[in-house]
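The next block holds one structure in the form of structure tokens; read it before the comments.
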Amino acid sequence: MGISLSNISKSYKKVKAVQDISFEVKPGELFGLIGPDGAGKTTLFRILTTLLTPDQGTATVTDLDVVKDYKSIRKSVGYMPGRFSLYQDLTIEENLTFFATIFGTTIEENYDLIEDIYVQIEPFKKRRAGKLSGGMKQKLALSCALIHKPKVLFLDEPTTGVDPVSRKEFWEMLKRLQKKGITILVSTPYMDEAALCDRIALIQDGSILDIDSPEKIVEKFPKNIFNVKANNMYKLIQELQSYQHSYSVYPFGEFVHYTDQRDAFEIKDLQSHLKNQGLDNIIIEKTQPNIEDAFMELAK
Amino acid sequence: MKTIAYIVQKEFKQIFRNKGMLPIIFILPILQLVILSNAATYEVKNIKFAYIDSDHTSTSRELVEKFNASTYFNVLADFDSHDQASSAMLAGDVDVILEIPNNFERHLLKEKKASLSLIINAIDGAAAGVESGYVNQIVQNYNQNIKTELMDASQKAVQPVSIVSIPSFWYNVTLDYKTFMVPGILVLLVTMITLFLSGMNIVREKEIGTLEQMNVTPIRKSQFIIGKLFPFWIIGMGLLTIGLILAKVIFNIPMVGSLLLLYGYTSIYILVVLGMGLFISNFTDTQQQAMFISWFFVVIFILMSGLFTPIESMPKWAQIITEFNPVKYFVEIVRMVLLKGSGPLDILPQVLKTLLYAIVMNGLAVWSYKKVS
């Protein structure tokens, strides 16, 4: 009853959007597609929601083929596109009623499913959707995608452009929906959100780099990683990159994540090297890799 | 059925909430009807007239007096020389110059023949033709008067039989151009507004992304299209009603035929226009594109509809093209039904062609509308 893709490829004229993608989402799983802009996430969503037919390969959603059984799929999936796409000139209530009617249901019938989310925007139900804040639009869109009690929920970058508090709330809502037995496929460019998924697929340039649980993906990281900090960030990055033994250098918040080519790496060596280059207040400490590091390593 | 009804309801809500669109739908047609019907006239009035009288006789003065008496001519000046008159025409001060030559009266009396010279500014060819007609009418009228005056009783026996034709103008007795134009402009506004609105409507959903959201729902193509287009069918019929009321109240256009027949035909005709709008919106991505393409077609359709220029005077190939112009059929029918009182059988050919057009157009539109790309 989950989602399964095998060898899916799709090109737009000469541009290959996705190539030979295969993965499975188990029923009731919260699965994340993690990748930068242009990686092909939206194309996958459009194929799975039957808006786009793949050039090659087959895909099923709740055991229904996306090409042959597209009509049945449309009844049982909810899709929230990356761009807010509800009627801006209709009110919250009208939008929700409209989508309920289209799916041949009513708000009352499935109210328990959307209740958590809808109560937060209900005070504004007479307000037009175009006049809502980003977070409220998000909640309305999610309500509309859920109103027909879908078995599978597709969320394409639901938190892009949403403030950190609303993002956190939104993920909590997803967790609650998951408990109600809905399979959720969500895409995001934010690596920190990836850790909240059961399993993730790292995707870049239309190909999958790795699929696993966030913990496993981090565990696979082959090297020791170090937080490096100094008084001059810009110079620090330059010096680290030109250091003869450096393997990877990525700025990460107030630190630079550094890995060394050698297995027998000594913090002292680097410290003295950086000091010789005129940097002060140097801090070097071992740290845990995260998904972003793993992604960068895989994308190398 | 419930789904369609709900889409229609939603569509009307959106139309009435669109503050920019609402005036266009209802005020524009009224302005169009009132202004265009008064302004788009074939009559040439207030002709800037001047003359050069080299004869200076009572006959020539009497001729000029005829022009003075006419409501169509404004006699602005008399010039002493040809050169003066020419420069006045060059400056655009006069449009028609009548030159009465020396010995005009003598020739007329002695030889029963005299020449006048007429110079007309023919930049606007149509107006020049009309002006020439007016001048000829006045001169001929005057000429006969002269003949009559010259003839005395004894000559009556040998008077040549002159044949006078008395035209009787049917269906528009007073040759009132408004009677002719108003029904045509009614067609124009029904066509324009419904085509623009329907063409832009579905594209708008594409633009704001709601079309994609609709496409993942189990709603059927036919339900969606009917739900989207039906409101504009209603608006089209509403516009016809507003137009007919204005035509009666403001212009007192005769409505000889059956209005029911007119409404029946319009209901088919609007289907053609809506199909066209849907077709355009299937091949465009933004409202601007849809608007430009609609404009392109509307302009061609209207100029080739026989609304302003008679189709009979178009070249053969253009006449063939007009066969594919739905606006032409509507213009013909609205004039036939309102002014002539034509019945269903009289307009049957046009109705059938329109119906065929509606089926083909909507078939193409529905076929090219895809929920999946």
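In the structure tokens, chains take letters A, B, ... by order of appearance, with residues numbered from 1 within each chain and ligands from 1 in the order shown.
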For chain B against chain A, which residues fall within 9 Å using only C-alpha atoms, given as a PyMOL selection string?
-> chain B and resi 2-4+6-7+10+13-14+17-18+205+208-219+371-373
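Residue neighbourhood of segment 177-184 of chain A, excluding near-sequence residues (fewer than 6 positions): A:Pro27, A:Gly28, A:Glu29, A:Leu30, A:Lys151, A:Val152, A:Leu153, at 6 Å, using only C-alpha atoms.
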Using only C-alpha atoms, determine which residues lie at most 12 Å from Pro164 of chain A, disregarding the query and same-chain residues fewer than 3 positions distant; provide the list as a PyMOL selection string.
-> chain A and resi 134-135+159-161+167-171+190+192-193
Selection above as a file: C-alpha atoms, as a tab-separated table (two decimals), in the first residue's frame:
chain	number	residue	atom	x	y	z
A	134	GLY	CA	2.82	32.00	4.92
A	135	GLY	CA	2.33	29.65	7.85
A	159	THR	CA	8.30	24.33	4.49
A	160	THR	CA	10.14	26.42	1.94
A	161	GLY	CA	9.62	30.05	2.81
A	167	ARG	CA	8.32	24.72	10.27
A	168	LYS	CA	8.69	22.95	13.59
A	169	GLU	CA	4.92	22.90	14.07
A	170	PHE	CA	4.44	21.60	10.59
A	171	TRP	CA	6.73	18.63	11.16
A	190	TYR	CA	16.66	21.61	4.41
A	192	ASP	CA	17.96	19.51	9.36
A	193	GLU	CA	14.44	18.40	8.47
Determine, counting only C-alpha atoms, which protein, DNA and RNA residues have an atom within 7 Å of an atom of Pro254 of chain B; residues of the same chain fewer than 2 positions away are not included. Present the result as an MDAnalysis selection string.
-> chainID B and resid 252 256 338:339
Would you tabulate, counting only C-alpha atoms, all residues of segment 58-147 of chain A that have an atom at most 10 Å from an atom of segment 1-5 of chain A, showing the closest pair of atoms and their distance in Å to one decimal, sorted by chain then ascending number, as a tab-separated table?
residue	atom	partner	partner_atom	distance
A:Thr58	CA	A:Leu5	CA	6.1
A:Ala59	CA	A:Leu5	CA	4.3
A:Thr60	CA	A:Ser4	CA	5.3
A:Val61	CA	A:Ile3	CA	4.5
A:Thr62	CA	A:Met1	CA	3.9
A:Asp63	CA	A:Met1	CA	5.6
A:Leu64	CA	A:Met1	CA	8.7
A:Asp65	CA	A:Ser4	CA	9.5
A:Val66	CA	A:Leu5	CA	9.9
Extract, using only C-alpha atoms, all DNA, RNA and protein residues at most 9 Å from segment 249-258 of chain A, discarding same-chain residues fewer than 6 positions from it, and format them as a ChimeraX atom specification.
-> /A:224-230,233,236-237,240-241,287,289,293,296
File of the preceding selection, C-alpha atoms, as a PDB file, in the first residue's frame:
ATOM      1  CA  ASN A 224      36.519  11.949  11.253  1.00  0.00           C
ATOM      2  CA  ILE A 225      35.091  15.387  11.101  1.00  0.00           C
ATOM      3  CA  PHE A 226      36.333  18.470  12.928  1.00  0.00           C
ATOM      4  CA  ASN A 227      34.873  21.787  13.870  1.00  0.00           C
ATOM      5  CA  VAL A 228      37.364  24.525  13.143  1.00  0.00           C
ATOM      6  CA  LYS A 229      37.022  28.116  14.200  1.00  0.00           C
ATOM      7  CA  ALA A 230      39.278  31.152  14.080  1.00  0.00           C
ATOM      8  CA  MET A 233      36.424  33.020   8.861  1.00  0.00           C
ATOM      9  CA  LEU A 236      40.370  30.296   7.596  1.00  0.00           C
ATOM     10  CA  ILE A 237      38.409  28.693   4.761  1.00  0.00           C
ATOM     11  CA  LEU A 240      42.076  25.111   5.018  1.00  0.00           C
ATOM     12  CA  GLN A 241      41.342  24.622   1.353  1.00  0.00           C
ATOM     13  CA  THR A 287      32.482  16.533  16.097  1.00  0.00           C
ATOM     14  CA  PRO A 289      28.935  14.328  11.111  1.00  0.00           C
ATOM     15  CA  ASP A 293      28.126  16.378   5.645  1.00  0.00           C
ATOM     16  CA  MET A 296      28.310  16.686   0.552  1.00  0.00           C
TER      17      MET A 296
END
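Using only C-alpha atoms, the nearest neighbour of Ile268 of chain B within the list B:Val135, B:Met192, B:Leu98, B:Ile359 is B:Ile359.
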DSSP says strand (DSSP E or B) for which residues of segment 37-263 of chain A? Put them as number ranges by chain?
-> A: 56-61, 64-65, 77-80, 91, 128, 152-156, 183-188, 199-204, 207-212, 225-229, 246-252, 255-260
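We find atom CA of Met361 of chain B and atom CA of Met276 of chain B to be spaced 6.2 Å apart.
Between atom CA of Leu303 of chain B and atom CA of Thr322 of chain B lies a distance of 9.8 Å.
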Spatial neighbours of Asp93 of chain B, max dist 10 Å, only C-alpha atoms, sep filter under 4 positions, as a ChimeraX atom specification = /B:48-50,76-77,85,87-89
DSSP says helix (DSSP H, G or I) for which residues of segment 6-239 of chain A? Put them as an MDAnalysis selection string?
-> chainID A and resid 41:48 70:76 92:102 111:124 129:131 134:146 164:179 191:194 214:219 233:239
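The neighbours of Val15 of chain A here are the residues that come within 12 Å of it, using only C-alpha atoms and leaving out any residue fewer than 3 positions away in the same chain; they are Ser9, Lys10, Ser11, Tyr12, Val18, Gln19, Gly38, Ala39, Gly40, Asp205 and Gly206 of chain A.
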Could the residues in this selection be written to a file with C-alpha atoms, as a PDB file, in the first residue's frame?
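Saved the output as out-v2.pdb:
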ATOM      1  CA  SER A   9      13.317   8.316 -16.079  1.00  0.00           C
ATOM      2  CA  LYS A  10      11.924  11.567 -17.397  1.00  0.00           C
ATOM      3  CA  SER A  11      13.417  14.197 -19.680  1.00  0.00           C
ATOM      4  CA  TYR A  12      12.165  17.622 -20.686  1.00  0.00           C
ATOM      5  CA  VAL A  18      15.365  12.221 -13.340  1.00  0.00           C
ATOM      6  CA  GLN A  19      17.259   9.118 -14.428  1.00  0.00           C
ATOM      7  CA  GLY A  38      16.790  21.300  -9.498  1.00  0.00           C
ATOM      8  CA  ALA A  39      17.600  17.797  -8.238  1.00  0.00           C
ATOM      9  CA  GLY A  40      14.384  16.402  -9.734  1.00  0.00           C
ATOM     10  CA  ASP A 205      20.986  15.868 -10.591  1.00  0.00           C
ATOM     11  CA  GLY A 206      18.166  13.402 -11.107  1.00  0.00           C
TER      12      GLY A 206
END
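Using only C-alpha atoms, the shortest contact distance between Phe26 of chain B and any of B:Ile347, B:Leu240, B:Ala126, B:Leu278 is found at B:Leu240.
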